[in-house]
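Structure, as structure tokens:
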Number of protein chains: 2
Amino acid sequence: MKKHNFNSGPSILPQEVLQQAAEAILNFNGIGLSILEIGHRTSWFVDVIEEAKSLVKELMQLNDGYEVLFLHGGATTQFMQVPMNLLDDSSTAAYCDNGIWGSKAIKEAGLFGQVNIVASSKDKGYTYIPKDFIVPATNSYLHITTNNTVEGTQWHSFPQTEVPIVADMSSDIFSREMDFNRFALIYAGAQKNMGAAGVNLMVIRKDVLGKVQRKIPAIMDYRNHIEAGSLLNTPPVFAIYVALLTLRWIKKEGGLKEMERRANEKSNLLYSTIDSLPLFKCPIAKEDRSKMNAVFFIEDETLQNRFLDECKAHGMIGVKGYRTMGGIRVSMYNALPLESVQAFCNLATAFNNANQ
Amino acid sequence: MKKHNFNSGPSILPQEVLQQAAEAILNFNGIGLSILEIGHRTSWFVDVIEEAKSLVKELMQLNDGYEVLFLHGGATTQFMQVPMNLLDDSSTAAYCDNGIWGSKAIKEAGLFGQVNIVASSKDKGYTYIPKDFIVPATNSYLHITTNNTVEGTQWHSFPQTEVPIVADMSSDIFSREMDFNRFALIYAGAQKNMGAAGVNLMVIRKDVLGKVQRKIPAIMDYRNHIEAGSLLNTPPVFAIYVALLTLRWIKKEGGLKEMERRANEKSNLLYSTIDSLPLFKCPIAKEDRSKMNAVFFIEDETLQNRFLDECKAHGMIGVKGYRTMGGIRVSMYNALPLESVQAFCNLATAFNNANQ
């Protein structure tokens, strides 16, 4: 039976990326060695990381003020590493509290300086994106999570502010066109739209660095990684290679414009179907709904569990909501084919009609 | 032409591990999904990490006081994370300065507390392992690097001390039998004897934790990872899976006893050959030589470069010394077959005889 992979991350990757990754494990580029066995300072791997960096710059149309790094760890590491590098003990950073991951970032930032929560959607269970808030010009930066994987919300426009914007784009990176040069720092765990778990993409506008007084541990200091060309220590070689393969695939398929078209097509189908079925409820404000993770539920829990069982029986993986949230979640990352969303919508419609 | 992979890390892995890893990328355990696409909280992956932990405990014969973790990052991350968790601002930790990696660890520890360098071999270019030094009982821990990948030395016996011993075992983990319960904390980047780059093995005796006053960032606090069963955030799934495959291979081949027998056989052959050839000089004290990384040189640099070219022509990869050291380095990790060492020794002998 064909599997439909709606995982929230680690999640579905393009079949050709998996094929190429498997080949590279046996024989990388025909050199007679595995990608897992080559030194990270060989020209073989330097070519990999340089091409990956250059594809990131090209896809995002970044200007020359930016550096691209591939670092160990996931986004959770950045919750700490960002304030360690950008926030002085006596300074204040602005944070938006609009989801579970953003609130974790807030907690970590508090260890390094003052946190000013300039906007929150906690009052309504994080079901919308706060708008029209003010960021004091004295704040060192503004932190937002562009897509909330758990709650199913997404920023579709960004705050107008002179303060440098730091964005956790883990779950919607490379899914849409936008002016990335508006951001001072972007970070993203790779395991959604960009590859396998085990590496963080960092996009850093160099002028925001070097402004804090504290002594930063060598491995945590972005400047050291920039100076070393992302090869300060042994990097997560294979995860970077899978990111390269995925970046090549995105470019070949038509870049961010095409990824956005697909995301629109899939999410429009999903939300319009759910909204048309009385059994299913989506609590998220329509204008703030995520095109990556649709979060909704069936009020009757017994019925919801039966639906989740039916999904499983139809080879649909990962449709159960986040462990602390419950409900249903359908993740529609770049590599998810439209036919998987169609299959889900067909099942939801049939289930609705049989159980109304 | 057959390749002989003498890389210092990332380095050679067993062929069957590579084969199994490639299969899992296409279809993990026959479930119809890639190992790169499955959620880290599924029973599929929980089984992987639990088996890997349990194999570590079994191979090391650890008692119940220990926890095993697989964390993001490489050993360099631990240079910072160890003192962050174990060393208070006002306390002192003992460090041995016997190589480039240990000296980096010393630098990072200095950011968190006082460092007492209790032993150093810097006076003779790190060509030996310091012995008979005293560790004050007031020091929070003693840090050593059990094998010096760059300099080619290895600790063959360990200091007698009541102070908890912290050991960086990145480059000789799982290569020999010893009483691992003598150590309070062991860390090792996986990319030498344990798999692919991108994950750190941590073995922690729980009673050393919780003794520092500082607030530790959530992702850096070992206690959080222990509480979350090494699933605090999305772990480096594939790197952990490759570690599991490698651990299974070690067990199947005969465990640490057999790994040690092979390391003895290979390193005895290598060193006895080099010592017998007037052209080659090994500067390392005989009793401290590493069984993982043999470091030596040819005095005449032109001749040495010719020899390195010949190695390349014979499919021998990674025999050039560390970039800041020069010379020749032959790494002989667990997966390196004896025949590769034989091939190297034959070439070295022929080169010696032709150029004396």
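We name chains A, B, ... following the order of the structure tokens; residues begin at 1 in each chain, and ligands are numbered from 1 as shown.
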Output the contact residues of chain A with respect to chain B at a cut-off of 6 Å, based on only C-alpha atoms, as a list in words.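 Here they are: Pro10, Ser11, Ile12, Ala22, Ile25, Leu36, Glu37, Ile38, Gly39, His72, Gly73, Ala196, Ala197, Gly198 and Pro236 of chain A.
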Prev. selection, N, CA and C atoms, output as a CSV table (one decimal), in the first residue's frame:
chain,number,residue,atom,x,y,z
A,10,PRO,N,10.9,14.9,11.7
A,10,PRO,CA,11.4,14.6,10.4
A,10,PRO,C,10.2,14.2,9.5
A,11,SER,N,10.3,14.6,8.2
A,11,SER,CA,9.1,14.5,7.3
A,11,SER,C,9.5,14.0,5.9
A,12,ILE,N,8.5,14.0,5.1
A,12,ILE,CA,8.7,13.4,3.7
A,12,ILE,C,9.8,14.2,3.0
A,22,ALA,N,21.1,7.5,-0.8
A,22,ALA,CA,21.4,6.1,-0.6
A,22,ALA,C,22.6,5.7,-1.5
A,25,ILE,N,25.9,6.9,0.0
A,25,ILE,CA,26.3,6.1,1.2
A,25,ILE,C,27.2,4.9,0.7
A,36,LEU,N,29.9,8.9,4.1
A,36,LEU,CA,30.1,8.9,5.5
A,36,LEU,C,31.6,8.7,5.9
A,37,GLU,N,32.4,8.4,4.9
A,37,GLU,CA,33.8,8.0,5.2
A,37,GLU,C,34.8,9.1,4.8
A,38,ILE,N,34.4,10.2,4.2
A,38,ILE,CA,35.3,11.1,3.6
A,38,ILE,C,35.6,12.3,4.6
A,39,GLY,N,36.8,12.8,4.6
A,39,GLY,CA,37.2,13.9,5.5
A,39,GLY,C,36.4,15.1,5.2
A,72,HIS,N,25.8,22.3,13.7
A,72,HIS,CA,25.2,21.1,14.5
A,72,HIS,C,24.0,21.6,15.3
A,73,GLY,N,23.2,20.6,15.6
A,73,GLY,CA,22.0,20.9,16.5
A,73,GLY,C,20.8,21.2,15.8
A,196,ALA,N,17.4,16.1,6.3
A,196,ALA,CA,17.3,15.2,7.4
A,196,ALA,C,17.6,15.9,8.7
A,197,ALA,N,17.2,15.4,9.8
A,197,ALA,CA,17.5,15.9,11.1
A,197,ALA,C,19.0,15.9,11.4
A,198,GLY,N,19.5,16.9,12.1
A,198,GLY,CA,20.9,16.9,12.5
A,198,GLY,C,21.7,18.0,12.0
A,236,PRO,N,28.1,18.1,10.5
A,236,PRO,CA,27.3,16.9,10.3
A,236,PRO,C,27.3,16.6,8.8
All residues 9 Å or closer to region 350-354 of chain B, only C-alpha atoms, same chain fewer than 6 positions away omitted, as a list in words: Leu277, Pro278, Leu279, Phe280, Phe307 and Glu310 of chain B
Please dump the current selection as a compact mmCIF listing (two decimals), in the first residue's frame; keep N, CA and C atoms.
# COMPACT_ATOMS: atom_id res chain seq x y z
N LEU B 277 62.49 0.75 9.55
CA LEU B 277 62.88 1.43 8.31
C LEU B 277 63.58 2.75 8.62
N PRO B 278 64.87 2.86 8.27
CA PRO B 278 65.65 4.06 8.64
C PRO B 278 65.05 5.36 8.12
N LEU B 279 64.32 5.28 7.02
CA LEU B 279 63.78 6.50 6.41
C LEU B 279 62.70 7.15 7.27
N PHE B 280 61.97 6.33 8.01
CA PHE B 280 60.82 6.83 8.77
C PHE B 280 61.16 7.04 10.24
N PHE B 307 56.63 10.32 -1.14
CA PHE B 307 56.00 9.15 -0.52
C PHE B 307 54.48 9.35 -0.43
N GLU B 310 52.98 8.71 -3.65
CA GLU B 310 52.92 7.27 -3.94
C GLU B 310 51.75 6.62 -3.22
Test item: residues at most 12 Å from Arg176 (chain B), only C-alpha atoms, excluding those fewer than 3 positions along its chain, as a CSV table (one decimal) with N, CA and C atoms, in the first residue's frame:
chain,number,residue,atom,x,y,z
B,59,LEU,N,28.4,-3.2,25.9
B,59,LEU,CA,29.8,-3.3,25.4
B,59,LEU,C,30.7,-2.7,26.5
B,60,MET,N,30.3,-1.6,27.2
B,60,MET,CA,31.1,-1.0,28.2
B,60,MET,C,31.0,-1.6,29.5
B,146,THR,N,41.7,10.6,26.0
B,146,THR,CA,42.3,9.3,26.1
B,146,THR,C,43.2,8.9,24.9
B,147,ASN,N,42.8,9.5,23.7
B,147,ASN,CA,43.7,9.3,22.5
B,147,ASN,C,43.8,10.6,21.8
B,154,GLN,N,48.4,8.0,23.2
B,154,GLN,CA,47.2,7.3,23.8
B,154,GLN,C,47.5,7.0,25.3
B,155,TRP,N,46.5,7.2,26.2
B,155,TRP,CA,46.7,6.8,27.5
B,155,TRP,C,46.5,5.3,27.6
B,156,HIS,N,47.5,4.5,28.1
B,156,HIS,CA,47.4,3.1,28.2
B,156,HIS,C,47.1,2.7,29.6
B,157,SER,N,47.3,3.6,30.6
B,157,SER,CA,46.8,3.4,32.0
B,157,SER,C,46.3,4.7,32.5
B,169,MET,N,36.8,10.5,24.7
B,169,MET,CA,37.3,9.3,24.0
B,169,MET,C,36.9,9.2,22.6
B,171,SER,N,38.4,9.4,19.8
B,171,SER,CA,39.1,8.7,18.8
B,171,SER,C,39.6,7.3,19.2
B,172,ASP,N,39.2,6.9,20.4
B,172,ASP,CA,39.5,5.5,20.7
B,172,ASP,C,38.4,4.7,21.4
B,173,ILE,N,37.2,5.3,21.4
B,173,ILE,CA,36.0,4.7,22.0
B,173,ILE,C,35.8,3.3,21.3
B,179,ASP,N,38.0,-0.7,32.4
B,179,ASP,CA,36.9,-0.5,33.4
B,179,ASP,C,36.3,0.9,33.2
B,180,PHE,N,35.2,0.9,32.4
B,180,PHE,CA,34.6,2.2,32.1
B,180,PHE,C,33.9,2.8,33.3
B,193,ASN,N,35.2,5.6,15.5
B,193,ASN,CA,34.9,4.2,15.7
B,193,ASN,C,33.4,3.9,15.8
B,250,ILE,N,30.1,-4.2,16.0
B,250,ILE,CA,31.2,-4.4,17.1
B,250,ILE,C,30.8,-5.7,17.9
B,254,GLY,N,32.7,-9.7,18.0
B,254,GLY,CA,33.4,-10.2,19.2
B,254,GLY,C,33.6,-9.1,20.3
B,255,GLY,N,33.0,-8.0,20.1
B,255,GLY,CA,33.0,-7.0,21.2
B,255,GLY,C,34.4,-6.3,21.3
B,256,LEU,N,34.6,-5.6,22.5
B,256,LEU,CA,35.8,-4.8,22.7
B,256,LEU,C,37.0,-5.7,22.8
B,257,LYS,N,36.9,-6.9,23.2
B,257,LYS,CA,38.0,-7.8,23.3
B,257,LYS,C,38.6,-8.0,21.9
B,258,GLU,N,37.7,-8.3,21.0
B,258,GLU,CA,38.2,-8.5,19.6
B,258,GLU,C,38.7,-7.2,18.9
B,259,MET,N,38.0,-6.1,19.2
B,259,MET,CA,38.4,-4.8,18.7
B,259,MET,C,39.9,-4.5,19.2
B,260,GLU,N,40.1,-4.8,20.4
B,260,GLU,CA,41.4,-4.6,21.0
B,260,GLU,C,42.5,-5.5,20.4
B,261,ARG,N,42.1,-6.8,20.2
B,261,ARG,CA,43.0,-7.7,19.5
B,261,ARG,C,43.4,-7.2,18.1
B,262,ARG,N,42.4,-6.8,17.4
B,262,ARG,CA,42.7,-6.2,16.0
B,262,ARG,C,43.6,-5.0,16.1
B,263,ALA,N,43.3,-4.1,17.0
B,263,ALA,CA,44.0,-2.8,17.2
B,263,ALA,C,45.5,-3.2,17.5
B,264,ASN,N,45.7,-4.2,18.4
B,264,ASN,CA,47.0,-4.6,18.7
B,264,ASN,C,47.8,-5.1,17.5
B,290,SER,N,49.8,5.7,20.1
B,290,SER,CA,48.4,5.4,19.9
B,290,SER,C,48.2,4.2,19.0
B,291,LYS,N,47.2,3.3,19.4
B,291,LYS,CA,46.9,2.2,18.5
B,291,LYS,C,45.9,2.6,17.5
B,292,MET,N,45.4,3.8,17.5
B,292,MET,CA,44.4,4.3,16.5
B,292,MET,C,45.1,5.2,15.5
B,333,TYR,N,41.4,2.7,12.7
B,333,TYR,CA,40.2,2.5,13.5
B,333,TYR,C,39.6,1.1,13.3
B,334,ASN,N,38.6,0.8,14.1
B,334,ASN,CA,38.1,-0.6,14.2
B,334,ASN,C,37.8,-1.2,12.8
For Phe133 (chain A), which residue out of A:Phe296, A:Tyr271, A:Phe158, A:Tyr222 is the nearest one, using only C-alpha atoms?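 Ranked by minimum distance to Phe133 (chain A), first place goes to A:Phe158.
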Could you tell me which of B:Arg329, B:Lys57, B:His225, B:Lys206 comes closest to Leu69 (chain B) if we count only C-alpha atoms?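 That would be B:His225, the residue with the smallest distance to Leu69 (chain B).
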Which value, in Å to one decimal, gives the distance between CA of Ile117 (chain A) and CA of Ile144 (chain A)?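 For CA of Ile117 (chain A) relative to CA of Ile144 (chain A), the distance reads 10.7 Å.
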Run DSSP on the backbone and grab whatever in region 95-304 of chain B lands in strand (DSSP E); send it over as a PyMOL selection string. chain B and resi 95-97+114-120+142-145+147-148+153-154+165-168+185-189+200-205+280-281+293-298
Would you save the residues from that selection as a tab-separated table (two decimals), in the first residue's frame, using C-alpha atoms?
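Output saved as result-v3.tsv:
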chain	number	residue	atom	x	y	z
B	95	TYR	CA	42.94	19.37	33.09
B	96	CYS	CA	45.70	17.47	31.35
B	97	ASP	CA	47.26	19.42	28.52
B	114	GLN	CA	39.16	27.97	37.35
B	115	VAL	CA	41.39	25.58	35.46
B	116	ASN	CA	44.27	23.75	37.09
B	117	ILE	CA	46.61	22.23	34.52
B	118	VAL	CA	47.86	19.26	36.53
B	119	ALA	CA	49.95	17.72	33.77
B	120	SER	CA	51.29	18.79	30.41
B	142	LEU	CA	39.94	15.70	36.06
B	143	HIS	CA	39.70	16.01	32.26
B	144	ILE	CA	41.78	13.87	29.92
B	145	THR	CA	41.79	13.05	26.21
B	147	ASN	CA	43.66	9.29	22.53
B	148	ASN	CA	45.28	12.20	20.75
B	153	THR	CA	49.58	9.40	21.69
B	154	GLN	CA	47.20	7.35	23.84
B	165	ILE	CA	37.43	11.58	35.69
B	166	VAL	CA	35.96	13.14	32.54
B	167	ALA	CA	37.31	11.61	29.35
B	168	ASP	CA	37.15	12.68	25.73
B	185	LEU	CA	31.67	11.18	32.25
B	186	ILE	CA	32.74	9.98	28.82
B	187	TYR	CA	32.08	11.79	25.57
B	188	ALA	CA	32.91	10.86	22.01
B	189	GLY	CA	32.09	12.26	18.59
B	200	ASN	CA	27.98	12.74	20.32
B	201	LEU	CA	27.88	9.71	22.57
B	202	MET	CA	27.62	10.70	26.22
B	203	VAL	CA	28.06	8.31	29.15
B	204	ILE	CA	27.26	10.07	32.40
B	205	ARG	CA	27.38	8.89	36.00
B	280	PHE	CA	60.82	6.83	8.77
B	281	LYS	CA	60.96	8.47	12.20
B	293	ASN	CA	46.60	7.00	14.95
B	294	ALA	CA	50.25	6.41	14.14
B	295	VAL	CA	52.09	9.69	13.59
B	296	PHE	CA	55.57	9.74	12.01
B	297	PHE	CA	57.55	11.46	9.27
B	298	ILE	CA	60.36	11.38	6.72
At what distance in Å, to one decimal, does CA of Leu336 (chain A) lie from CA of Leu270 (chain A)?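 Atom-to-atom, CA of Leu270 (chain A) and CA of Leu336 (chain A) are spaced 12.8 Å apart.
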Among the residues of region 236-290 of chain B, find those DSSP assigns to helix (DSSP H, G or I) from the backbone and print them as number ranges by chain. B: 237-253, 255-276, 286-288
Write out the residues from the selection above, keeping C-alpha atoms, as a PDB file, in the first residue's frame.
ATOM      1  CA  VAL B 237      18.128  10.451  13.711  1.00  0.00           C
ATOM      2  CA  PHE B 238      20.278   9.055  10.919  1.00  0.00           C
ATOM      3  CA  ALA B 239      23.589   9.503  12.751  1.00  0.00           C
ATOM      4  CA  ILE B 240      22.120   7.597  15.707  1.00  0.00           C
ATOM      5  CA  TYR B 241      20.945   4.840  13.396  1.00  0.00           C
ATOM      6  CA  VAL B 242      24.428   4.493  11.876  1.00  0.00           C
ATOM      7  CA  ALA B 243      25.823   4.339  15.420  1.00  0.00           C
ATOM      8  CA  LEU B 244      23.392   1.517  16.188  1.00  0.00           C
ATOM      9  CA  LEU B 245      24.484  -0.403  13.083  1.00  0.00           C
ATOM     10  CA  THR B 246      28.139   0.072  14.052  1.00  0.00           C
ATOM     11  CA  LEU B 247      27.513  -1.022  17.649  1.00  0.00           C
ATOM     12  CA  ARG B 248      25.748  -4.154  16.384  1.00  0.00           C
ATOM     13  CA  TRP B 249      28.737  -4.851  14.144  1.00  0.00           C
ATOM     14  CA  ILE B 250      31.180  -4.437  17.053  1.00  0.00           C
ATOM     15  CA  LYS B 251      29.173  -6.867  19.177  1.00  0.00           C
ATOM     16  CA  LYS B 252      28.798  -9.392  16.378  1.00  0.00           C
ATOM     17  CA  GLU B 253      32.530  -9.327  15.606  1.00  0.00           C
ATOM     18  CA  GLY B 255      33.005  -6.958  21.201  1.00  0.00           C
ATOM     19  CA  LEU B 256      35.762  -4.824  22.676  1.00  0.00           C
ATOM     20  CA  LYS B 257      38.026  -7.806  23.314  1.00  0.00           C
ATOM     21  CA  GLU B 258      38.164  -8.513  19.592  1.00  0.00           C
ATOM     22  CA  MET B 259      38.445  -4.812  18.665  1.00  0.00           C
ATOM     23  CA  GLU B 260      41.440  -4.595  21.004  1.00  0.00           C
ATOM     24  CA  ARG B 261      43.021  -7.722  19.520  1.00  0.00           C
ATOM     25  CA  ARG B 262      42.707  -6.234  16.030  1.00  0.00           C
ATOM     26  CA  ALA B 263      44.029  -2.840  17.160  1.00  0.00           C
ATOM     27  CA  ASN B 264      47.046  -4.575  18.707  1.00  0.00           C
ATOM     28  CA  GLU B 265      47.667  -6.621  15.585  1.00  0.00           C
ATOM     29  CA  LYS B 266      47.436  -3.657  13.225  1.00  0.00           C
ATOM     30  CA  SER B 267      49.382  -1.186  15.343  1.00  0.00           C
ATOM     31  CA  ASN B 268      52.119  -3.730  16.171  1.00  0.00           C
ATOM     32  CA  LEU B 269      52.617  -4.385  12.483  1.00  0.00           C
ATOM     33  CA  LEU B 270      52.649  -0.678  11.649  1.00  0.00           C
ATOM     34  CA  TYR B 271      55.020   0.485  14.385  1.00  0.00           C
ATOM     35  CA  SER B 272      57.409  -2.455  14.063  1.00  0.00           C
ATOM     36  CA  THR B 273      57.641  -1.797  10.324  1.00  0.00           C
ATOM     37  CA  ILE B 274      58.198   1.947  10.727  1.00  0.00           C
ATOM     38  CA  ASP B 275      60.791   1.392  13.474  1.00  0.00           C
ATOM     39  CA  SER B 276      62.653  -1.009  11.225  1.00  0.00           C
ATOM     40  CA  LYS B 286      57.115   4.004  22.619  1.00  0.00           C
ATOM     41  CA  GLU B 287      54.965   3.298  25.666  1.00  0.00           C
ATOM     42  CA  ASP B 288      52.517   6.087  24.784  1.00  0.00           C
TER      43      ASP B 288
END
Would you pick out the contacts of Asp207 (chain A) at 9 Å or less, using only C-alpha atoms, so that residues sharing its chain but fewer than 2 positions from it are not included, and give the list as a VMD selection string? chain A and resid 65 to 66 184 204 to 205 209 to 211
From the list B:Ser230, B:Asn355, B:Thr302, B:Ser331, the nearest residue to Phe70 (chain B) using only C-alpha atoms is B:Ser230
Excluding Pro283 (chain A) and residues on its chain fewer than 4 positions from it, collect all residues at most 10 Å away from it, counting only C-alpha atoms, and give them as a PyMOL selection string. chain A and resi 124-128+151-152+289+295-297
